[in-house]
Amino acid sequence: MNDKAISAENLTKQFGTFTAVDSISFDVGRGEVFGFLGANGAGKTTAMRMLCGLSRPTSGSAMVAGFDINRESEKLKKNIGYMSQKFSLYEDLKVWENLRLFGGIYGMKDKEIAQRTDEMLGELGLESERETLVRELPVGWKQKLAFTVSVFHNPGVVFLDEPTGGVDPYTRRQFWQLIYKVADRGITVFVTTHYMDEAAYCDRVSIMVDGRIEALDTPSRLKENYAAGSMDEVFRQLARKALRSGD
Ligand SMILES: Nc1ncnc2c1ncn2[C@@H]1O[C@H](COP(=O)(O)OP(=O)(O)OP(=O)(O)O)[C@@H](O)[C@H]1O
């Protein structure tokens, strides 16, 4: 079996004459925690949407979890997980009802859903909230639940779009423990973040500037190459070059 979970070649997306993602190529290994960084408007969401089969590239190709994003986008969508910034939870359903719903959407059998619900709620320490309506949960718990939903069907790759926005550093660290747990199970984690302390938790990090990948390496090698004391400094050195500004 191929040990690459993601392999992108010259992936490009144009909106009219504007090139949002400009011929990016990179590989992500199986079970790797891969940080996808860039300033606002750099092209991260556009690239991630192509890798999830949600948007067609203008040119270029990619294999994700064993599927071709151009030719097998439907199969691809079933075999990946995705957690958006707005978490796709149903606020008016209970915690366990959300898990059952998403398990069903991914074609899991009732028995498997019931088993996995017990297992996941136990792992999260959310057992006592099984019957709670999602809208009553604090934001940090919603994030954990949204993450659980995204890996509930055991996908090959999970895409997390700024999963920890708006919560305190302690809750963010707890969230990262969950990320490591799923990576240990062999799920590849592709994560975008604006928090540079989180970039340092990734196995490797890529930094996008104006639609291109300007740097890609382990956090320690990036710091070495840019003679920087922190990932924040690496990021600032690269982001300074950006011509584009976010909206
Ligand atoms: N549908 C679209 N039509 C035209 N331009 C778009 C479209 N989607 C994105 N863009 C532009 O492409 C560029 C990249 O946007 P994208 O959302 O991918 O950036 P990002 O790195 O994810 O930023 P952020 O961190 O703010 O989410 C931006 O200049 C944006 O305005």
# chains A, B, ... in the order shown; residues from 1 in each chain; ligands from 1
>>> select_by_dssp(residues="range 22-229 of chain A", states="strand (DSSP E)", output="ChimeraX atom specification")
/A:22-29,33-38,59-64,67-68,80-83,157-161,188-192,204-209,212-217
>>> residues_near_ligand(ligand="ligand 1", cutoff="8 Å", atoms="only C-alpha atoms and all ligand atoms", output="compact mmCIF listing (two decimals) with N, CA and C atoms, in the first residue's frame")
# COMPACT_ATOMS: atom_id res chain seq x y z
N PHE A 15 -9.89 31.88 -10.22
CA PHE A 15 -11.22 32.46 -10.24
C PHE A 15 -11.14 33.60 -11.27
N GLY A 16 -11.65 33.37 -12.47
CA GLY A 16 -11.45 34.34 -13.55
C GLY A 16 -9.97 34.45 -13.86
N PHE A 18 -7.82 35.62 -11.65
CA PHE A 18 -7.10 35.60 -10.37
C PHE A 18 -6.70 34.16 -9.99
N THR A 19 -5.42 33.95 -9.71
CA THR A 19 -4.94 32.62 -9.35
C THR A 19 -4.90 32.50 -7.82
N ALA A 20 -5.90 31.84 -7.25
CA ALA A 20 -5.98 31.73 -5.79
C ALA A 20 -4.97 30.71 -5.27
N VAL A 21 -4.84 29.59 -5.98
CA VAL A 21 -3.84 28.56 -5.63
C VAL A 21 -2.99 28.34 -6.87
N LEU A 37 -0.33 26.30 6.78
CA LEU A 37 -0.38 27.67 7.29
C LEU A 37 -0.33 28.69 6.17
N GLY A 38 -0.75 29.88 6.47
CA GLY A 38 -0.69 30.97 5.52
C GLY A 38 -1.51 32.12 6.06
N ALA A 39 -1.17 33.34 5.64
CA ALA A 39 -1.91 34.51 6.11
C ALA A 39 -3.33 34.47 5.53
N ASN A 40 -4.20 35.33 6.01
CA ASN A 40 -5.56 35.42 5.46
C ASN A 40 -5.48 35.66 3.95
N GLY A 41 -6.23 34.87 3.20
CA GLY A 41 -6.26 35.07 1.74
C GLY A 41 -5.15 34.37 0.99
N ALA A 42 -4.28 33.64 1.69
CA ALA A 42 -3.15 32.98 1.03
C ALA A 42 -3.61 31.86 0.08
N GLY A 43 -4.78 31.28 0.36
CA GLY A 43 -5.29 30.22 -0.52
C GLY A 43 -5.51 28.89 0.17
N LYS A 44 -5.43 28.87 1.50
CA LYS A 44 -5.54 27.60 2.25
C LYS A 44 -6.90 26.94 2.05
N THR A 45 -7.98 27.70 2.27
CA THR A 45 -9.32 27.10 2.17
C THR A 45 -9.58 26.61 0.75
N THR A 46 -9.16 27.40 -0.23
CA THR A 46 -9.36 27.00 -1.63
C THR A 46 -8.62 25.69 -1.91
N ALA A 47 -7.39 25.58 -1.43
CA ALA A 47 -6.61 24.35 -1.64
C ALA A 47 -7.27 23.18 -0.93
N MET A 48 -7.71 23.42 0.30
CA MET A 48 -8.31 22.34 1.10
C MET A 48 -9.61 21.86 0.44
N HIS A 194 -4.16 29.45 12.78
CA HIS A 194 -3.50 30.76 12.86
C HIS A 194 -2.62 30.83 14.11
N MET A 208 1.96 28.92 3.13
CA MET A 208 1.53 29.45 1.84
C MET A 208 1.61 30.97 1.83
N ASP A 210 0.58 34.02 -0.97
CA ASP A 210 0.01 34.40 -2.27
C ASP A 210 -0.22 33.20 -3.20
N GLY A 211 -0.82 32.14 -2.66
CA GLY A 211 -1.20 31.00 -3.49
C GLY A 211 -0.11 29.96 -3.72
N ARG A 244 -0.78 39.90 -1.29
CA ARG A 244 -2.21 39.77 -1.12
C ARG A 244 -2.60 40.04 0.32
N SER A 245 -3.75 40.64 0.51
CA SER A 245 -4.22 40.72 1.89
C SER A 245 -5.58 40.05 1.98
N GLY A 246 -5.88 39.55 3.13
CA GLY A 246 -7.14 38.82 3.32
C GLY A 246 -8.33 39.74 3.27
N ASP A 247 -9.53 39.13 3.17
CA ASP A 247 -10.69 40.00 3.17
C ASP A 247 -11.30 40.06 4.54
>>> atom_distance(atom1="CA of Met63 in chain A", atom2="CA of Gln14 in chain A")
19.9 Å
>>> select_by_dssp(residues="range 1-139 of chain A", states="alpha helix (DSSP H)", output="NGL selection string")
:A and (44-51 or 73-78 or 95-105 or 110-124 or 139)
>>> closest_residue(among="A:Gln85, A:Thr12, A:Ser128, A:Asn154", to="Ile113 in chain A", atoms="only C-alpha atoms")
A:Asn154
>>> residues_around(residues="range 230-232 of chain A", least_positions_apart="6", cutoff="7 Å", atoms="only C-alpha atoms", output="compact mmCIF listing (two decimals) with C-alpha atoms, in the first residue's frame")
# COMPACT_ATOMS: atom_id res chain seq x y z
CA MET A 196 1.81 29.43 15.86
CA ALA A 199 2.21 24.90 14.22
CA ALA A 200 4.99 23.68 16.49
CA PRO A 219 9.07 23.01 12.68
CA LYS A 223 13.35 27.53 12.55
>>> closest_residue(among="A:Trp96, A:Phe26, A:Phe190, A:Tyr170", to="Gly81 in chain A", atoms="only C-alpha atoms")
A:Phe190
>>> closest_residue(among="A:Pro138, A:Gly103, A:Pro169, A:Gly186", to="Ser150 in chain A", atoms="only C-alpha atoms")
A:Gly103
>>> atom_distance(atom1="CA of Asp110 in chain A", atom2="CA of Asn98 in chain A")
13.5 Å
>>> residues_around(residues="Ser55 in chain A", least_positions_apart="4", cutoff="10 Å", atoms="only C-alpha atoms", output="ChimeraX atom specification")
/A:13,46-51,69-70,73
